[in-house]
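Q: Sharing final.cif (mmCIF, C-alpha atoms) below.
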data_protein
#
loop_
_atom_site.label_atom_id
_atom_site.label_comp_id
_atom_site.auth_asym_id
_atom_site.auth_seq_id
_atom_site.Cartn_x
_atom_site.Cartn_y
_atom_site.Cartn_z
CA MET A 1 0.00 0.00 0.00
CA LEU A 2 2.86 2.34 0.84
CA VAL A 3 4.55 1.73 -2.52
CA GLU A 4 1.27 2.22 -4.39
CA ALA A 5 0.65 5.49 -2.54
CA GLU A 6 4.13 6.81 -3.34
CA LEU A 7 3.86 5.82 -7.00
CA GLU A 8 0.52 7.61 -7.23
CA LYS A 9 1.90 10.73 -5.47
CA MET A 10 4.73 10.83 -7.99
CA ASP A 11 2.28 10.21 -10.85
CA ILE A 12 4.07 7.04 -11.93
CA ALA A 13 1.77 4.62 -13.72
CA TYR A 14 2.06 0.99 -12.66
CA LYS A 15 0.54 -2.32 -13.72
CA SER A 16 0.79 -4.09 -10.38
CA VAL A 17 2.34 -3.90 -6.94
CA GLU A 18 2.84 -7.16 -5.07
CA LEU A 19 4.94 -8.22 -2.12
CA GLY A 20 8.47 -7.11 -2.94
CA GLU A 21 7.79 -6.17 -6.54
CA ALA A 22 6.23 -3.37 -8.61
CA GLU A 23 5.66 -3.52 -12.36
CA LEU A 24 5.61 -0.09 -13.98
CA GLU A 25 3.69 0.83 -17.14
CA LYS A 26 6.79 2.42 -18.69
CA PRO A 27 10.38 3.25 -17.73
CA ILE A 28 10.87 6.23 -15.43
CA SER A 29 13.42 9.03 -15.64
CA ASP A 30 16.62 8.97 -13.59
CA LYS A 31 15.23 11.85 -11.51
CA GLN A 32 12.02 9.93 -10.74
CA HIS A 33 14.07 6.84 -9.95
CA ASP A 34 16.22 8.74 -7.46
CA GLU A 35 13.18 10.40 -5.86
CA LEU A 36 11.38 7.06 -5.52
CA LYS A 37 14.48 5.44 -4.07
CA THR A 38 14.78 8.22 -1.46
CA VAL A 39 11.09 8.16 -0.50
CA LEU A 40 11.05 4.37 -0.15
CA PHE A 41 14.28 4.38 1.85
CA LYS A 42 12.78 6.87 4.32
CA SER A 43 9.94 4.38 4.83
CA GLY A 44 12.35 1.51 5.46
CA LEU A 45 12.08 0.03 1.97
CA GLU A 46 14.73 -0.45 -0.66
CA LEU A 47 14.44 0.07 -4.40
CA MET A 48 16.29 -2.74 -6.10
CA ASP A 49 17.40 -2.53 -9.72
CA ASP A 50 19.66 -5.54 -9.88
CA LYS A 51 17.75 -8.47 -11.39
CA LYS A 52 19.83 -11.01 -9.46
CA ALA A 53 19.24 -9.26 -6.13
CA MET A 54 15.52 -9.07 -6.93
CA LEU A 55 15.42 -12.79 -7.67
CA VAL A 56 17.17 -13.57 -4.38
CA GLU A 57 14.59 -11.40 -2.55
CA ARG A 58 11.80 -13.31 -4.29
CA ILE A 59 13.39 -16.61 -3.19
CA LYS A 60 13.55 -15.33 0.39
CA ASN A 61 9.94 -14.10 0.29
CA ILE A 62 8.67 -17.42 -1.05
CA ILE A 63 10.53 -19.35 1.64
CA VAL A 64 9.28 -17.09 4.44
CA GLU A 65 5.73 -17.25 3.12
CA MET A 66 5.94 -21.02 2.66
CA VAL A 67 7.39 -21.80 6.10
CA HIS A 68 5.74 -19.17 8.29
CA TYR A 69 2.42 -18.32 6.70
CA ALA A 70 1.19 -21.30 4.68
CA ASP A 71 -1.22 -23.67 6.42
CA GLU A 72 0.80 -26.60 5.10
CA LEU A 73 4.23 -26.95 3.59
CA PRO A 74 4.13 -28.01 -0.07
CA ALA A 75 3.87 -31.73 -0.76
CA THR A 76 6.64 -31.50 -3.37
CA ASN A 77 10.25 -30.94 -2.42
CA PHE A 78 11.40 -27.36 -1.97
CA SER A 79 13.63 -27.33 -5.04
CA ASP A 80 10.70 -28.23 -7.33
CA TYR A 81 8.44 -25.78 -5.51
CA LEU A 82 10.88 -22.86 -5.93
CA SER A 83 11.65 -23.74 -9.56
CA GLU A 84 7.95 -23.84 -10.38
CA LYS A 85 7.15 -20.59 -8.54
CA LEU A 86 10.03 -18.66 -10.10
CA ASN A 87 10.23 -20.32 -13.52
CA HIS A 88 13.97 -20.92 -13.19
CA ASN A 89 16.15 -23.99 -12.99
CA TYR A 90 16.81 -24.87 -9.35
CA THR A 91 20.57 -25.17 -9.89
CA TYR A 92 20.64 -21.58 -11.16
CA LEU A 93 18.53 -20.37 -8.21
CA SER A 94 20.68 -22.28 -5.74
CA ASN A 95 23.99 -21.00 -7.13
CA LEU A 96 22.70 -17.41 -7.30
CA PHE A 97 21.34 -17.53 -3.75
CA SER A 98 24.59 -18.95 -2.34
CA GLU A 99 26.63 -16.36 -4.22
CA VAL A 100 24.55 -13.43 -2.94
CA LYS A 101 23.63 -14.58 0.59
CA GLY A 102 26.67 -16.69 1.48
CA ILE A 103 24.51 -19.66 2.55
CA THR A 104 22.62 -22.31 0.64
CA ILE A 105 18.87 -22.21 0.02
CA GLU A 106 18.62 -25.45 1.99
CA HIS A 107 20.30 -23.90 5.02
CA TYR A 108 18.09 -20.82 4.75
CA ILE A 109 15.00 -23.04 4.69
CA ILE A 110 16.24 -25.05 7.68
CA ILE A 111 16.85 -21.87 9.68
CA HIS A 112 13.29 -20.72 8.97
CA LYS A 113 11.81 -24.13 9.67
CA ILE A 114 13.57 -24.21 13.05
CA GLU A 115 12.26 -20.70 13.83
CA LYS A 116 8.76 -21.95 13.06
CA VAL A 117 9.35 -25.04 15.23
CA LYS A 118 10.44 -22.77 18.10
CA GLU A 119 7.25 -20.76 17.65
CA LEU A 120 5.13 -23.93 17.68
CA ILE A 121 6.92 -25.19 20.81
CA VAL A 122 6.25 -21.88 22.56
CA TYR A 123 2.56 -21.96 21.57
CA ASP A 124 2.41 -25.39 23.24
CA GLU A 125 -0.59 -26.53 21.16
CA LEU A 126 1.16 -29.42 19.39
CA ASN A 127 3.46 -32.11 20.70
CA LEU A 128 6.82 -32.75 19.04
CA THR A 129 5.47 -35.59 16.88
CA GLU A 130 2.72 -33.31 15.53
CA ILE A 131 5.22 -30.50 14.95
CA ALA A 132 7.56 -32.87 13.07
CA PHE A 133 4.66 -34.00 10.87
CA LYS A 134 3.42 -30.43 10.28
CA MET A 135 6.91 -29.26 9.28
CA ASN A 136 7.50 -32.26 6.93
CA TYR A 137 10.26 -33.89 8.96
CA SER A 138 10.67 -37.61 8.38
CA SER A 139 10.78 -38.24 12.14
CA VAL A 140 11.00 -36.57 15.53
CA ALA A 141 14.66 -37.63 15.63
CA HIS A 142 15.36 -35.79 12.36
CA LEU A 143 13.64 -32.66 13.70
CA SER A 144 15.53 -32.90 16.99
CA ASN A 145 18.89 -33.31 15.24
CA GLN A 146 18.32 -30.25 13.02
CA PHE A 147 16.98 -28.25 15.97
CA LYS A 148 20.08 -29.02 18.02
CA LYS A 149 22.44 -28.20 15.09
CA ILE A 150 20.84 -24.79 14.65
CA THR A 151 20.07 -23.77 18.24
CA GLY A 152 22.53 -25.84 20.26
CA LEU A 153 19.57 -27.08 22.34
CA THR A 154 17.24 -30.03 22.16
CA PRO A 155 13.57 -29.19 21.56
CA SER A 156 12.74 -30.57 25.03
CA PHE A 157 15.36 -28.37 26.71
CA PHE A 158 14.12 -25.36 24.70
CA LYS A 159 10.60 -26.05 25.95
CA GLN A 160 11.86 -26.31 29.55
CA LEU A 161 13.59 -22.94 29.20
CA LYS A 162 10.36 -21.40 27.96
CA ASN A 163 8.44 -22.94 30.86
CA LYS A 164 11.03 -21.72 33.37
CA ARG A 165 10.78 -18.17 32.02
CA ARG A 166 6.99 -18.34 32.14
CA SER A 167 6.89 -19.57 35.74
CA ALA A 168 9.41 -16.92 36.78
CA LEU A 169 7.14 -14.21 35.35
CA GLU A 170 4.12 -15.68 37.13
CA ASP A 171 5.95 -15.47 40.47
CA MET A 172 6.28 -11.70 40.15
#
Could you express the structure from this file as structure tokens?
A:
Amino acid sequence: MLVEAELEKMDIAYKSVELGEAELEKPISDKQHDELKTVLFKSGLELMDDKKAMLVERIKNIIVEMVHYADELPATNFSDYLSEKLNHNYTYLSNLFSEVKGITIEHYIIIHKIEKVKELIVYDELNLTEIAFKMNYSSVAHLSNQFKKITGLTPSFFKQLKNKRRSALEDM
């Protein structure tokens, strides 16, 4: 909404504005480009011109949306899912992402999956078996191993820490 409002204020015609991307009707002048970049920056947004950087941002957005906001993770593997969503060969996407971000797509996905697991543990609505199933882990052991690699803690210990903090707050 913010990007749309700024484009309209600057009288820049656009076809669409979606999460992380705006498609303009026609190219804009260098002056308009600089103005738009400044206005967006003041609002905490960044105008990206580099096609590779934009593709990496789209990869990140898809992963975040997929892991944190989708009701279910896709039934296909992540490489097929990303390739289909972005219409690019997965090897190209993977190499580009690693080059720009310094980590693999797989590691980025794991980090986000573990963040989601931590959130689900804190909510305390699902047990570890249900969380493992929901997050497409082959087993609780697989989830626990990845959780420990990323956080240095077991899921059970993480849950105990959360419970200890909660009880300490209740004592106040």
Q: Find, counting all atoms listed in the file, the residue in A:Ile28, A:Ile121, A:Ala70, A:Val100 that gets nearest to Met54 in chain A.
A: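 For Met54 in chain A, the nearest of the given residues is A:Val100.
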Q: Selected by the PyMOL selection byres ((chain A and resi 119) around 12) in the shown coordinates: which residues, as a PyMOL selection string?
A: chain A and resi 67-68+112-118+120-126+131+135+155+158-159+162
Q: Those same residues - C-alpha atoms - I'd like them written as a PDB file, in the frame of the given file.
A:
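Writing the result to result_35.pdb gives the following:
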ATOM      1  CA  VAL A  67       7.390 -21.800   6.100  1.00  0.00           C
ATOM      2  CA  HIS A  68       5.740 -19.170   8.290  1.00  0.00           C
ATOM      3  CA  HIS A 112      13.290 -20.720   8.970  1.00  0.00           C
ATOM      4  CA  LYS A 113      11.810 -24.130   9.670  1.00  0.00           C
ATOM      5  CA  ILE A 114      13.570 -24.210  13.050  1.00  0.00           C
ATOM      6  CA  GLU A 115      12.260 -20.700  13.830  1.00  0.00           C
ATOM      7  CA  LYS A 116       8.760 -21.950  13.060  1.00  0.00           C
ATOM      8  CA  VAL A 117       9.350 -25.040  15.230  1.00  0.00           C
ATOM      9  CA  LYS A 118      10.440 -22.770  18.100  1.00  0.00           C
ATOM     10  CA  LEU A 120       5.130 -23.930  17.680  1.00  0.00           C
ATOM     11  CA  ILE A 121       6.920 -25.190  20.810  1.00  0.00           C
ATOM     12  CA  VAL A 122       6.250 -21.880  22.560  1.00  0.00           C
ATOM     13  CA  TYR A 123       2.560 -21.960  21.570  1.00  0.00           C
ATOM     14  CA  ASP A 124       2.410 -25.390  23.240  1.00  0.00           C
ATOM     15  CA  GLU A 125      -0.590 -26.530  21.160  1.00  0.00           C
ATOM     16  CA  LEU A 126       1.160 -29.420  19.390  1.00  0.00           C
ATOM     17  CA  ILE A 131       5.220 -30.500  14.950  1.00  0.00           C
ATOM     18  CA  MET A 135       6.910 -29.260   9.280  1.00  0.00           C
ATOM     19  CA  PRO A 155      13.570 -29.190  21.560  1.00  0.00           C
ATOM     20  CA  PHE A 158      14.120 -25.360  24.700  1.00  0.00           C
ATOM     21  CA  LYS A 159      10.600 -26.050  25.950  1.00  0.00           C
ATOM     22  CA  LYS A 162      10.360 -21.400  27.960  1.00  0.00           C
TER      23      LYS A 162
END
Q: Please identify all polymer residues lying at most 7 Å from the point (19.8, -15.8, -5.3) (file coordinates), using all atoms listed in the file, and present the result as a PDB file with C-alpha atoms, keeping the file's coordinate frame.
A:
ATOM      1  CA  LYS A  52      19.830 -11.010  -9.460  1.00  0.00           C
ATOM      2  CA  ALA A  53      19.240  -9.260  -6.130  1.00  0.00           C
ATOM      3  CA  LEU A  55      15.420 -12.790  -7.670  1.00  0.00           C
ATOM      4  CA  VAL A  56      17.170 -13.570  -4.380  1.00  0.00           C
ATOM      5  CA  ILE A  59      13.390 -16.610  -3.190  1.00  0.00           C
ATOM      6  CA  LEU A  93      18.530 -20.370  -8.210  1.00  0.00           C
ATOM      7  CA  SER A  94      20.680 -22.280  -5.740  1.00  0.00           C
ATOM      8  CA  ASN A  95      23.990 -21.000  -7.130  1.00  0.00           C
ATOM      9  CA  LEU A  96      22.700 -17.410  -7.300  1.00  0.00           C
ATOM     10  CA  PHE A  97      21.340 -17.530  -3.750  1.00  0.00           C
ATOM     11  CA  SER A  98      24.590 -18.950  -2.340  1.00  0.00           C
ATOM     12  CA  GLU A  99      26.630 -16.360  -4.220  1.00  0.00           C
ATOM     13  CA  VAL A 100      24.550 -13.430  -2.940  1.00  0.00           C
TER      14      VAL A 100
END
Q: Starting from the displayed file, determine the output of the PyMOL selection byres ((chain A and resi 109) around 10) and express the residue list as a list in words.
A: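 With the PyMOL selection byres ((chain A and resi 109) around 10) on this model, the match is Lys60, Ile63, Val64, Met66, Val67, Phe78, Thr104, Ile105, Glu106, His107, Tyr108, Ile110, Ile111, His112, Lys113, Ile114 and Glu115 of chain A.
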Q: If you keep C-alpha atoms, can you produce a file of those selected residues as a CSV table (one decimal), in the frame of the given file?
A:
chain,number,residue,atom,x,y,z
A,60,LYS,CA,13.6,-15.3,0.4
A,63,ILE,CA,10.5,-19.4,1.6
A,64,VAL,CA,9.3,-17.1,4.4
A,66,MET,CA,5.9,-21.0,2.7
A,67,VAL,CA,7.4,-21.8,6.1
A,78,PHE,CA,11.4,-27.4,-2.0
A,104,THR,CA,22.6,-22.3,0.6
A,105,ILE,CA,18.9,-22.2,0.0
A,106,GLU,CA,18.6,-25.4,2.0
A,107,HIS,CA,20.3,-23.9,5.0
A,108,TYR,CA,18.1,-20.8,4.8
A,110,ILE,CA,16.2,-25.0,7.7
A,111,ILE,CA,16.8,-21.9,9.7
A,112,HIS,CA,13.3,-20.7,9.0
A,113,LYS,CA,11.8,-24.1,9.7
A,114,ILE,CA,13.6,-24.2,13.0
A,115,GLU,CA,12.3,-20.7,13.8
Q: Please, what distance in Å, to one decimal, runs between CA of Leu128 in chain A and CA of Val140 in chain A?
A: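 It comes out at 6.7 Å.
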Q: Give me the residues near range 29-35 of chain A as a list of chain:residue names, where near means some atom within 9 Å (using all atoms listed in the file) and where sequence neighbours in that chain fewer than 4 positions away do not count.
A: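 Counting all atoms listed in the file, the residues come to A:Met10, A:Ile12, A:Val39, A:Leu40, A:Leu47.
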Q: List the residues matched by the PyMOL selection byres ((chain A and resi 17) around 12) in the displayed structure as a list in words, ordered by chain and then by residue number.
A: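 The output of the PyMOL selection byres ((chain A and resi 17) around 12) on this file is Met1, Leu2, Val3, Glu4, Ala5, Glu6, Leu7, Glu8, Ala13, Tyr14, Lys15, Ser16, Glu18, Leu19, Gly20, Glu21, Ala22, Glu23, Leu24 and Glu25 of chain A.
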Q: What is the distance between CA of Asn89 in chain A and CA of Leu45 in chain A, in Å to one decimal?
A: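 For CA of Asn89 in chain A relative to CA of Leu45 in chain A, the distance reads 28.6 Å.
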Q: Hey, which of A:Leu36, A:Lys85, A:Lys42, A:Ser79 ends up closest to Ile62 in chain A? Count only C-alpha atoms.
A: A:Lys85
Q: At a cut-off of 10 Å, using all atoms listed in the file, what residues contact Ser144 in chain A? Leave out same-chain residues fewer than 2 positions from it and give the result as a ChimeraX atom specification.
A: /A:114,128,132,137,139-142,146-150,153-156
Q: Do you have the CA of His88 in chain A-CA of Arg58 in chain A distance handy?
A: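 CA of Arg58 in chain A lies at a distance of 11.9 Å from CA of His88 in chain A.
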Q: Measuring between only C-alpha atoms, which one of A:Ser83, A:Asn77, A:Gln160, A:Thr91 shows the shortest distance to Asn136 in chain A?
A: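 For Asn136 in chain A, the nearest of the candidates is A:Asn77.
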